[in-house]
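**Q** Handing you this structure, nothing more for now.
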Amino acid sequence: MKYTKLGNSDLKVSRLCMGCMGFGDPNNGQHSWTLDEEHSREIIKRGLELGVNFFDTAVGYQSGTSEQYLGRAIRDFAKRDEVVIATKFLPRTQDEIAAGINGQQHIQNMIDTSLRNLGTDYVDLYIYHMWDYETPIYDILDGLDRIVKAGKVRYIGISNCFAYQLAKANALAEKEGFAKFISIQGHYNLIFREEEREMAKLCAEDNIAMTPYSALAGGRLSKHPGETSKRLEEDSYARFKYDATAKQDQRIIDRVAELAGKHGVSMTEISLAWLLTKVTAPVVGATKLHHIDGAVKAVELELTDAEIAYLEEPYVPHKLVGVMAQNTPQAAKEQHVWSTGNQEIHMDHA
């Protein structure tokens with residue numbers, strides 16, 4: 001395993017982050033393919049053995065059971081100060097807004113819930129899961145700064161936002177003396193490269209870490225033609241994101257398969273080796289032991305400049321899909337049902 005600093009922080013993280021959306025009670029969430037605690041623990045333990053020290057979860061994954069599984073596994077298999085735990089908080093619910101709970105109070109409630117689930121005193125990276133148009137960004141930044149000063153959170157990150165939103169938020173944080181976002185978790189992989197237009201340039205200039213989700217496009221960048229899986233069959237949200245561009249994306253996927261054959265490695269290794277030339281640490285989900293084994297091997301694989309160009313050449317612009325397509329005040333209000341319990345939350349982190 002290789003390690004690097006996470007943006008403008010002193011956090012030393014593995015070049016791969018284990019995405020934990022696939023862990024958690026399937027009866028307590030929106031995904032039927034998630035793993036029970038026994039199998040989740042096996043994968044977390046294997047990741048630790050292979051040098052992974054960076055783990056990403058969220059209070060919204062399977063009603064908090066993902067956080068609970070991760071927290072118990074870390075206590076049993078690792079030293080707390082040797083791992084980096086990231087978790088995410090949801091926007092205020094309509095019920096909270098109606099009850100007069102402000103952004104600062106909401107963040108306090110959310111972090112306390114996550115700390116209980118994880119069984120820890122602090123979170124290394126606390127991530128604003130999606131832009132909340134009904135809560136002023138000042139309140140979000142103030143609330144986050146308060147929990148940083150209280151020692152409950154070491155650093156803050158953001159997910160699912162536009163580059164202009166991140167730039168404005170960090171400018172306001174600097175003006176007010178608040179903690180600034182050190183990382184962005186967006187949708188980025190070989191068949192969806194829209195982050196390169198604005199976000200990647202901002203992050204390079206300001207040393208903001210990119211830790212993208214959907215690194216393997218819901219399995220599309222790791223499977224040969226005809227191969228399938230329970231995830232591919234049952235993840236309707238991933239199909240919604242990628243099916244419309246399947247024909248143009250297949251040209252890139254075929255090149256991944258070609259290079260995998262040339263190098264004698266898996267498609268996972270080729271896809272992640274490419275992404276690792278662009279970002280700090282991709283978030284990679286694993287629901288089988290060989291998933292994490294293959295992902296870790298990618299850290300050691302170096303592609304030539306010619307191979308990188310070969311993989312990139314067929315790409316054509318993509319429309320925004322999924323969460324980012326809904327990142328407007330009206331769409332957010334109409335299409336997202338947020339709650340701190342059993343919610344509908346359309347995210348894909350694998």
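Labeling convention for the structure tokens: chains A, B, ... as they appear, residues from 1 per chain, ligands from 1 in order of appearance.
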Write down as an NGL selection string the residues of range 46-112 of chain A whose backbone DSSP state falls under strand (DSSP E).

**A** :A and (54-56 or 84-89)

**Q** How would the residues just chosen look if you wrote them out with C-alpha atoms as a compact mmCIF listing (two decimals), in the first residue's frame?

**A**
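Dumped everything to part.txt:
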```txt
# COMPACT_ATOMS: atom_id res chain seq x y z
CA PHE A 54 -9.08 5.05 5.21
CA PHE A 55 -12.78 4.16 5.57
CA ASP A 56 -15.84 6.04 4.33
CA VAL A 84 -8.91 7.52 9.27
CA ILE A 85 -12.69 7.36 9.55
CA ALA A 86 -14.88 9.51 7.33
CA THR A 87 -18.62 9.75 7.68
CA LYS A 88 -21.28 12.01 6.22
CA PHE A 89 -24.33 13.91 7.44
```

**Q** Run DSSP on the backbone and give me the residues of range 150-216 of chain A it puts in helix (DSSP H, G or I), as a JSON list (two decimals) with N, CA, C and O atoms, in the first residue's frame.

**A**
```json
[["chain", "number", "residue", "atom", "x", "y", "z"],
["A", 163, "ALA", "N", -18.17, 23.01, -8.41],
["A", 163, "ALA", "CA", -16.92, 23.68, -8.06],
["A", 163, "ALA", "C", -17.18, 25.09, -7.52],
["A", 163, "ALA", "O", -16.53, 25.52, -6.56],
["A", 164, "TYR", "N", -18.14, 25.80, -8.11],
["A", 164, "TYR", "CA", -18.41, 27.16, -7.63],
["A", 164, "TYR", "C", -18.94, 27.15, -6.20],
["A", 164, "TYR", "O", -18.64, 28.06, -5.41],
["A", 165, "GLN", "N", -19.69, 26.11, -5.83],
["A", 165, "GLN", "CA", -20.21, 26.02, -4.47],
["A", 165, "GLN", "C", -19.09, 25.78, -3.47],
["A", 165, "GLN", "O", -19.04, 26.41, -2.40],
["A", 166, "LEU", "N", -18.17, 24.90, -3.82],
["A", 166, "LEU", "CA", -17.02, 24.63, -2.95],
["A", 166, "LEU", "C", -16.15, 25.87, -2.82],
["A", 166, "LEU", "O", -15.71, 26.23, -1.72],
["A", 167, "ALA", "N", -15.91, 26.56, -3.93],
["A", 167, "ALA", "CA", -15.07, 27.77, -3.89],
["A", 167, "ALA", "C", -15.71, 28.85, -3.03],
["A", 167, "ALA", "O", -15.04, 29.50, -2.21],
["A", 168, "LYS", "N", -17.02, 29.06, -3.18],
["A", 168, "LYS", "CA", -17.71, 30.08, -2.39],
["A", 168, "LYS", "C", -17.71, 29.71, -0.91],
["A", 168, "LYS", "O", -17.52, 30.57, -0.04],
["A", 169, "ALA", "N", -17.93, 28.42, -0.61],
["A", 169, "ALA", "CA", -17.97, 27.98, 0.78],
["A", 169, "ALA", "C", -16.62, 28.20, 1.46],
["A", 169, "ALA", "O", -16.55, 28.70, 2.58],
["A", 170, "ASN", "N", -15.55, 27.81, 0.78],
["A", 170, "ASN", "CA", -14.22, 27.97, 1.39],
["A", 170, "ASN", "C", -13.81, 29.43, 1.49],
["A", 170, "ASN", "O", -13.09, 29.82, 2.42],
["A", 171, "ALA", "N", -14.27, 30.27, 0.55],
["A", 171, "ALA", "CA", -13.99, 31.70, 0.65],
["A", 171, "ALA", "C", -14.69, 32.30, 1.87],
["A", 171, "ALA", "O", -14.10, 33.11, 2.61],
["A", 172, "LEU", "N", -15.94, 31.89, 2.11],
["A", 172, "LEU", "CA", -16.67, 32.36, 3.28],
["A", 172, "LEU", "C", -16.02, 31.86, 4.56],
["A", 172, "LEU", "O", -15.89, 32.60, 5.55],
["A", 173, "ALA", "N", -15.61, 30.58, 4.56],
["A", 173, "ALA", "CA", -14.95, 30.02, 5.74],
["A", 173, "ALA", "C", -13.68, 30.79, 6.07],
["A", 173, "ALA", "O", -13.40, 31.09, 7.24],
["A", 174, "GLU", "N", -12.91, 31.12, 5.04],
["A", 174, "GLU", "CA", -11.67, 31.89, 5.27],
["A", 174, "GLU", "C", -11.98, 33.27, 5.83],
["A", 174, "GLU", "O", -11.32, 33.74, 6.76],
["A", 175, "LYS", "N", -12.99, 33.90, 5.30],
["A", 175, "LYS", "CA", -13.38, 35.24, 5.75],
["A", 175, "LYS", "C", -13.81, 35.22, 7.22],
["A", 175, "LYS", "O", -13.48, 36.12, 8.00],
["A", 176, "GLU", "N", -14.55, 34.18, 7.62],
["A", 176, "GLU", "CA", -15.11, 34.11, 8.97],
["A", 176, "GLU", "C", -14.20, 33.39, 9.96],
["A", 176, "GLU", "O", -14.51, 33.32, 11.15],
["A", 194, "GLU", "N", -16.79, 14.24, -15.91],
["A", 194, "GLU", "CA", -17.22, 15.64, -15.91],
["A", 194, "GLU", "C", -16.55, 16.47, -14.82],
["A", 194, "GLU", "O", -16.48, 17.70, -14.92],
["A", 195, "GLU", "N", -16.04, 15.83, -13.77],
["A", 195, "GLU", "CA", -15.33, 16.55, -12.72],
["A", 195, "GLU", "C", -14.07, 17.25, -13.24],
["A", 195, "GLU", "O", -13.56, 18.18, -12.62],
["A", 196, "GLU", "N", -13.57, 16.81, -14.39],
["A", 196, "GLU", "CA", -12.35, 17.41, -14.93],
["A", 196, "GLU", "C", -12.58, 18.83, -15.46],
["A", 196, "GLU", "O", -11.63, 19.59, -15.63],
["A", 199, "MET", "N", -14.01, 21.09, -11.32],
["A", 199, "MET", "CA", -13.64, 20.67, -9.96],
["A", 199, "MET", "C", -12.16, 20.28, -9.86],
["A", 199, "MET", "O", -11.47, 20.68, -8.91],
["A", 200, "ALA", "N", -11.67, 19.50, -10.80],
["A", 200, "ALA", "CA", -10.28, 19.04, -10.72],
["A", 200, "ALA", "C", -9.31, 20.22, -10.74],
["A", 200, "ALA", "O", -8.28, 20.20, -10.06],
["A", 201, "LYS", "N", -9.63, 21.24, -11.52],
["A", 201, "LYS", "CA", -8.75, 22.42, -11.61],
["A", 201, "LYS", "C", -8.74, 23.18, -10.28],
["A", 201, "LYS", "O", -7.70, 23.62, -9.80],
["A", 202, "LEU", "N", -9.93, 23.36, -9.67],
["A", 202, "LEU", "CA", -10.01, 24.03, -8.37],
["A", 202, "LEU", "C", -9.21, 23.25, -7.33],
["A", 202, "LEU", "O", -8.44, 23.84, -6.54],
["A", 203, "CYS", "N", -9.38, 21.95, -7.32],
["A", 203, "CYS", "CA", -8.70, 21.13, -6.31],
["A", 203, "CYS", "C", -7.19, 21.16, -6.48],
["A", 203, "CYS", "O", -6.44, 21.20, -5.49],
["A", 204, "ALA", "N", -6.73, 21.16, -7.72],
["A", 204, "ALA", "CA", -5.28, 21.23, -7.96],
["A", 204, "ALA", "C", -4.70, 22.55, -7.46],
["A", 204, "ALA", "O", -3.63, 22.58, -6.85],
["A", 205, "GLU", "N", -5.41, 23.64, -7.69],
["A", 205, "GLU", "CA", -4.91, 24.96, -7.28],
["A", 205, "GLU", "C", -4.93, 25.15, -5.77],
["A", 205, "GLU", "O", -4.04, 25.77, -5.21],
["A", 206, "ASP", "N", -5.97, 24.62, -5.11],
["A", 206, "ASP", "CA", -6.15, 24.86, -3.68],
["A", 206, "ASP", "C", -5.76, 23.67, -2.80],
["A", 206, "ASP", "O", -6.00, 23.68, -1.59]]
```

**Q** May I have the residues within 8 Å of Gly47 in chain A as a ChimeraX atom specification, using only C-alpha atoms and disregarding those fewer than 4 positions away in the same chain?

**A** /A:18,43,51-53,292-293

**Q** Under the rule of at most 8 Å, produce a per-residue listing of range 197-223 of chain A near range 239-254 of chain A: chain, number, name, the closest pair of atoms, and the distance in Å, as a tab-separated table, using only C-alpha atoms.

**A**
```
residue	atom	partner	partner_atom	distance
A:Ala217	CA	A:Tyr242	CA	7.8
A:Arg220	CA	A:Ile253	CA	7.5
A:Leu221	CA	A:Ile253	CA	6.0
```

**Q** Measuring between only C-alpha atoms, which one of A:Leu289, A:Met1, A:Ala260, A:Leu118 shows the shortest distance to Arg75 in chain A?

**A**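 Closest to Arg75 in chain A of all the choices is A:Leu118.
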
**Q** Write out as a compact mmCIF listing (two decimals) with N, CA, C and O atoms, in the first residue's frame the residues lying within 9 Å of range 112-117 of chain A, counting only C-alpha atoms and excluding same-chain residues fewer than 4 positions away.

**A**
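Contents of result37.txt, as written:
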```
# COMPACT_ATOMS: atom_id res chain seq x y z
N ALA A 58 -21.52 6.62 6.19
CA ALA A 58 -22.47 7.73 6.32
C ALA A 58 -23.58 7.34 7.28
O ALA A 58 -23.95 6.16 7.37
N VAL A 59 -24.10 8.33 7.97
CA VAL A 59 -25.21 8.08 8.90
C VAL A 59 -26.43 7.56 8.14
O VAL A 59 -27.27 6.86 8.71
N GLY A 64 -27.83 3.77 9.65
CA GLY A 64 -26.76 3.84 10.64
C GLY A 64 -26.06 2.53 10.92
O GLY A 64 -25.05 2.50 11.63
N THR A 65 -26.57 1.41 10.37
CA THR A 65 -25.94 0.12 10.67
C THR A 65 -24.57 -0.02 9.99
O THR A 65 -23.71 -0.75 10.47
N SER A 66 -24.36 0.69 8.87
CA SER A 66 -23.03 0.69 8.26
C SER A 66 -22.01 1.29 9.23
O SER A 66 -20.93 0.73 9.45
N GLU A 67 -22.35 2.43 9.83
CA GLU A 67 -21.46 3.04 10.81
C GLU A 67 -21.23 2.09 11.98
O GLU A 67 -20.10 1.96 12.48
N GLN A 68 -22.27 1.43 12.43
CA GLN A 68 -22.15 0.53 13.59
C GLN A 68 -21.23 -0.65 13.27
O GLN A 68 -20.35 -1.00 14.08
N TYR A 69 -21.40 -1.26 12.11
CA TYR A 69 -20.54 -2.38 11.72
C TYR A 69 -19.08 -1.93 11.64
O TYR A 69 -18.18 -2.62 12.13
N LEU A 70 -18.84 -0.80 11.00
CA LEU A 70 -17.48 -0.30 10.85
C LEU A 70 -16.87 0.01 12.20
O LEU A 70 -15.72 -0.38 12.48
N GLY A 71 -17.61 0.68 13.06
CA GLY A 71 -17.09 1.05 14.36
C GLY A 71 -16.67 -0.15 15.19
O GLY A 71 -15.58 -0.16 15.79
N THR A 87 -17.20 10.00 7.78
CA THR A 87 -18.62 9.75 7.68
C THR A 87 -19.31 11.03 7.22
O THR A 87 -18.69 12.09 7.15
N LYS A 88 -20.58 10.90 6.86
CA LYS A 88 -21.28 12.01 6.22
C LYS A 88 -22.61 12.28 6.92
O LYS A 88 -23.20 11.37 7.49
N PHE A 89 -23.05 13.54 6.83
CA PHE A 89 -24.33 13.91 7.44
C PHE A 89 -25.30 14.40 6.38
O PHE A 89 -24.90 14.97 5.35
N ILE A 107 -26.42 19.85 12.73
CA ILE A 107 -25.09 19.25 12.62
C ILE A 107 -24.66 18.64 13.95
O ILE A 107 -24.08 17.55 14.00
N GLN A 108 -24.97 19.32 15.06
CA GLN A 108 -24.65 18.77 16.37
C GLN A 108 -25.36 17.45 16.59
O GLN A 108 -24.77 16.46 17.08
N ASP A 121 -14.89 8.72 19.90
CA ASP A 121 -15.02 10.08 20.43
C ASP A 121 -14.90 11.14 19.35
O ASP A 121 -15.25 12.30 19.58
N TYR A 122 -14.37 10.77 18.19
CA TYR A 122 -14.16 11.76 17.14
C TYR A 122 -14.19 11.09 15.78
O TYR A 122 -13.98 9.88 15.65
N VAL A 123 -14.44 11.89 14.76
CA VAL A 123 -14.37 11.46 13.37
C VAL A 123 -13.24 12.25 12.73
O VAL A 123 -13.08 13.45 12.97
N LYS A 152 -14.80 16.97 18.21
CA LYS A 152 -15.58 15.83 17.71
C LYS A 152 -15.21 15.47 16.28
O LYS A 152 -15.47 14.36 15.82
```

**Q** Which of these, A:Tyr133, A:Trp33, A:Tyr155, A:Phe77, has the shortest distance to Arg46 in chain A once you count only C-alpha atoms?

**A**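 Of all the options, A:Phe77 lies closest to Arg46 in chain A.
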
**Q** In Å, rounded to a single decimal, give me how far CA of Val153 in chain A is from CA of Val296 in chain A.

**A**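 We find that CA of Val296 in chain A and CA of Val153 in chain A lie 27.6 Å from each other.
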
**Q** Tell me which protein, DNA and RNA residues are within 9 Å of Leu259 in chain A, counting only C-alpha atoms, leaving out same-chain ones fewer than 6 positions away, and put them as a list in words.

**A**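 Near neighbours after the sequence-gap exclusion: Val265, Met267, Ile270, Glu307 and Leu311 of chain A.
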
**Q** Which is closest to Phe192 in chain A among A:Tyr138, A:Tyr315, A:Tyr61, A:Tyr310, if we use only C-alpha atoms?

**A** A:Tyr315

**Q** With only C-alpha atoms as the basis for distance, which of A:Val83, A:Ile208, A:Ala286, A:Ala281 is at the shortest distance from His39 in chain A?

**A**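 Using only C-alpha atoms, His39 in chain A sits closest to A:Ala286.
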